[in-house]
Each structure stands twice: as structure tokens, then as C-alpha cells.
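To keep things clear, I will list the structure first and then write my remarks on it.
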Amino acid sequence: MTVETPEELEGLRQAGRAAARILKVVTDAVEPGVTTRELDVLAGELMGEIGAKSAPIVTYEFPGYTCISVNEEIAHGIPGDRVIERGDVVNVDVSLELGGFYGDNASTTVVEGAPQSLFDLVDAARAARDVAISRLRAGSPFNLMGRVFEAHAKDAGARVVRDLCSHGIGRALHEPPSELLGFYSARERRVFMDRQVITVEPFLSTGATLTRTATDGWTLLNIPGGFSAQFEHTIMIKADEPPEIFTIWEP
């Protein structure tokens with residue numbers, strides 16, 4: 001969406017802050033011995049307390065309040081009985097609807113005991129998101145994001161997952177533009193507009209550049225032994241200054 005009124009802006013800010021707070025609480029709870037279902041229930045309880053709804057449930061009837069993906073799972077992991085262990089790479093994606101507006105954010109945590117290379121992968125994905133956001137303005141080409149993501153992936157000895165994209169958001173979880181590619185494409189000629197609301201979410205991988213779908217019909221997988229990292233914010237593009245980031249939790 002493109003923000004037109006102060007009321008829309010405030011609605012997006014509230015939804016973004018709520019999503020960011022829940023993501024922070026859930027990721028802080030990631031530790032050996034906890035199950036992904038326990039993390040998901042925690043998120044659901046926090047949503048209920050503020051009258052928010054899980055965006056994956058509202059939009060797709062997803063079998064969980066959140067998407068929690070571990071190790072070989074790149075995205076859309078279904079919370080369940082899987083127990084978090086030392087050395088695991090855990091991605092938590094929290095998206096919600098609050099007051100008719102959507103906030104979407106994600107982060108990846110490496111549990112103590114993993115090799116340094118996985119911490120480096122996570123740091124590169126976080127930096128790719130943050131650097132891309134810092135450079136976006138009204139008039140910036142869509143493919144600027146892909147160029148930044150690829151550069152950070154290369155520096156980390158990783159690859160971009162090419163079939164997972166950033167997207168428009170606002171009054172729905174997924175809005176136009178539906179494909180903000182995570183890699184550079186010279187064919188992409190579109191540019192961002194002032195006050196346009198999008199997600200910025202690089203997926204970096206030590207293995208696959210394309211996902212495959214698990215037998216559960218939801219979970220997107222890496223190659224065996226592959227790991228990935230994703231970080232995501234919901235932002236609003238501006239004309240002459242860095243975007244406003246909605247999904248930041250500041251107590």
C-alpha cells in the first residue's frame with residue numbers, strides 16, 4: 001500500500017511495534033530444550049493479549065501462529081514437537097494483523113555450540129537487510145535490494161535463495177509489488193514510490209538457491225546439510241531520507 005493519511009500511518013506503526021515486540025519475546029525464549037510449539041504458543045498468547053491475529057492463519061490457514069524454521073528448513077516451518085538443540089539455527093517469522101493493518105518481521109538465532117561460519121551467515125543476512133533499507137528512497141530501483149543482498153551473500157561465502165522475495169504489505173499480508181527479487185535482475189525496471197510500504201527480507205543460504213517443499217505441504221527446505229538465515233522488517237519508503245522502519249520494538 002501507499003500511505004495516504006495520518007490514521008493509516010499510525011495503524012501501521014502500531015501493527016509493526018506489536019509484531020516486533022512479539023518477535024523479540026519469542027526469539028529471547030529460543031534455547032536448548034524448548035519445542036517450536038512452545039515458542040509458537042507463546043506468540044499466540046501475546047497476540048491474544050492485544051487483540052491481534054496471526055497473519056498466516058488469517059491469510060492462508062497456516063497451522064501455527066508463526067513460522068518457525070530450524071536448520072535445513074528455510075521458511076514456513078510448522079511449529080511442533082521439534083526440540084531446539086545446541087548448535088541449531090532457528091528462524092522465527094512473526095506477522096500479524098492489528099486494527100486492519102499488518103506488520104511482518106523475522107530474525108534468525110544461532111544457538112550456542114554452532115560453528116562460527118553459521119554466526120557469520122546470520123550476521124551477513126542481518127547486514128544485508130539493514131544496508132538495503134538504509135539505501136532505499138523514492139525513485140530507487142527495485143533491483144537495488146537484490147544487488148545489496150547478493151553482495152553480502154558473496155562476502156559470507158553464501159548464496160541468495162532466489163525463489164523467496166520481499167513484498168508489498170499494509171492492508172493485507174501480501175500486496176503489490178508481489179515480487180521484490182532477492183537477486184539483481186537487469187530486466188527489473190520498476191522504482192519505489194514515496195510512502196510505499198514493503199518488507200525487506202533477504203534469505204541467505206549455505207546450500208540451495210531454490211527451495212523444495214516438504215511433504216507437509218508448507219515447509220520450504222534447503223539441500224541436506226544446508227543452512228539459511230533470514231531477517232525482515234516492514235518499512236515505508238520516503239523521498240529524501242531513509243525509510244521508516246515499523247517493526248522496531250522500543251520499550
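Identifiers in the C-alpha cells: chain A, B, ... in order shown; residue index from 1 per chain; ligand index from 1 in order shown.
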
Exercise. So which bits of segment 103-158 of chain A end up helix (DSSP H, G or I) when you DSSP the backbone, as a PyMOL selection string?
Worked result: chain A and resi 116-135+143-155

Would you kindly return, as a tab-separated table (two decimals) with C-alpha atoms, in the first residue's frame, each protein, DNA or RNA residue with an atom no farther than 6 Å from any atom of segment 18-25 of chain A, considering only C-alpha atoms and excluding same-chain residues fewer than 4 positions away?
```tsv
chain	number	residue	atom	x	y	z
A	94	VAL	CA	6.10	-13.18	13.13
A	103	GLY	CA	3.21	-5.98	10.45
A	247	THR	CA	8.92	-3.32	13.09
A	248	ILE	CA	11.21	-1.99	15.79
A	249	TRP	CA	10.43	-2.69	19.43
```

Exercise. Which polymer residues have any atom within 12 Å of an atom of Leu181 of chain A, counting only C-alpha atoms, with same-chain residues fewer than 2 positions away left out, as a ChimeraX atom specification?
Worked result: /A:141-150,160-168,177-179,183-190,199-203

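Using only C-alpha atoms, the protein and nucleic acid residues lying no more than 7 Å from Ala156 of chain A, apart from those fewer than 2 places from it along its own chain, are Asp120, Leu121, Ala124, His152, Ala153, Lys154 and Ala158 of chain A.
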
Exercise. Using only C-alpha atoms, which residues sit within 12 Å of segment 33-49 of chain A once same-chain residues fewer than 5 positions away are excluded, as JSON, numbers by chain?
Worked result: {"A": [15, 17, 18, 19, 20, 21, 22, 23, 24, 25, 26, 27, 28, 54, 55, 56, 57, 63, 64, 65, 66, 67, 68, 69, 70, 77, 78, 79, 80, 81, 82, 83, 84, 85, 86, 88, 90, 91, 92, 93, 94, 95, 96, 97, 98, 111]}

Problem set entry | All residues 7 Å or closer to segment 3-11 of chain A, only C-alpha atoms, same chain fewer than 2 positions away omitted, as a list in words |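 Near segment 3-11 of chain A, the qualifying residues are Met1, Arg13, Gln14, Ala15, Gly99, Phe101, Arg195 and Gln196 of chain A.
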
Exercise. Distance atom CA of Phe231 of chain A-atom CA of Glu31 of chain A, one decimal place?
Worked result: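 Atom CA of Phe231 of chain A sits 18.9 Å away from atom CA of Glu31 of chain A.
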
Exercise. Nearest to Val131 of chain A among A:Ala114, A:Gly170, A:Leu221, A:Pro243, with distances taken over only C-alpha atoms: which residue is it?
Worked result: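 Distance minimum relative to Val131 of chain A lands on A:Pro243.
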
Exercise. Which distance in Å separates atom CA of Phe227 of chain A and atom CA of Ile169 of chain A, to one decimal?
Worked result: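 These two atoms are separated by 27.2 Å.
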
For this session: Can you check which residues of segment 59-125 of chain A DSSP gives as strand (DSSP E) on the backbone and send them as number ranges by chain?
Result: A: 67-70, 73-75, 89-98, 101-110

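A straight line drawn from atom CA of Ile133 of chain A to atom CA of Gly87 of chain A is 29.5 Å long.
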
If you take only C-alpha atoms and a cut-off of 12 Å, which residues of segment 183-246 of chain A touch segment 115-118 of chain A, and what are their nearest atom pairs and distances in Å to one decimal, in chain and number order, as a tab-separated table?
```
residue	atom	partner	partner_atom	distance
A:Leu204	CA	A:Leu118	CA	10.9
A:Ser205	CA	A:Leu118	CA	10.0
A:Thr206	CA	A:Leu118	CA	8.8
A:Gly226	CA	A:Leu118	CA	10.5
A:Phe227	CA	A:Leu118	CA	7.8
A:Ser228	CA	A:Leu118	CA	8.6
A:Ala229	CA	A:Leu118	CA	8.7
```

Quick one: write out the picked residues with N, CA and C atoms as a JSON list (two decimals), in the first residue's frame?
```
[["chain", "number", "residue", "atom", "x", "y", "z"],
["A", 204, "LEU", "N", 19.62, -15.82, 2.95],
["A", 204, "LEU", "CA", 20.94, -16.28, 2.55],
["A", 204, "LEU", "C", 21.11, -17.74, 2.92],
["A", 205, "SER", "N", 21.80, -18.49, 2.07],
["A", 205, "SER", "CA", 21.89, -19.93, 2.24],
["A", 205, "SER", "C", 23.31, -20.44, 2.04],
["A", 206, "THR", "N", 23.66, -21.49, 2.79],
["A", 206, "THR", "CA", 24.93, -22.18, 2.57],
["A", 206, "THR", "C", 24.77, -23.30, 1.56],
["A", 226, "GLY", "N", 22.36, -28.15, 4.44],
["A", 226, "GLY", "CA", 22.38, -26.71, 4.18],
["A", 226, "GLY", "C", 21.72, -25.93, 5.29],
["A", 227, "PHE", "N", 22.16, -24.69, 5.48],
["A", 227, "PHE", "CA", 21.57, -23.79, 6.47],
["A", 227, "PHE", "C", 21.20, -22.48, 5.78],
["A", 228, "SER", "N", 20.31, -21.74, 6.41],
["A", 228, "SER", "CA", 19.92, -20.44, 5.86],
["A", 228, "SER", "C", 19.66, -19.47, 6.98],
["A", 229, "ALA", "N", 19.60, -18.19, 6.62],
["A", 229, "ALA", "CA", 19.29, -17.13, 7.58],
["A", 229, "ALA", "C", 18.45, -16.07, 6.90]]
```
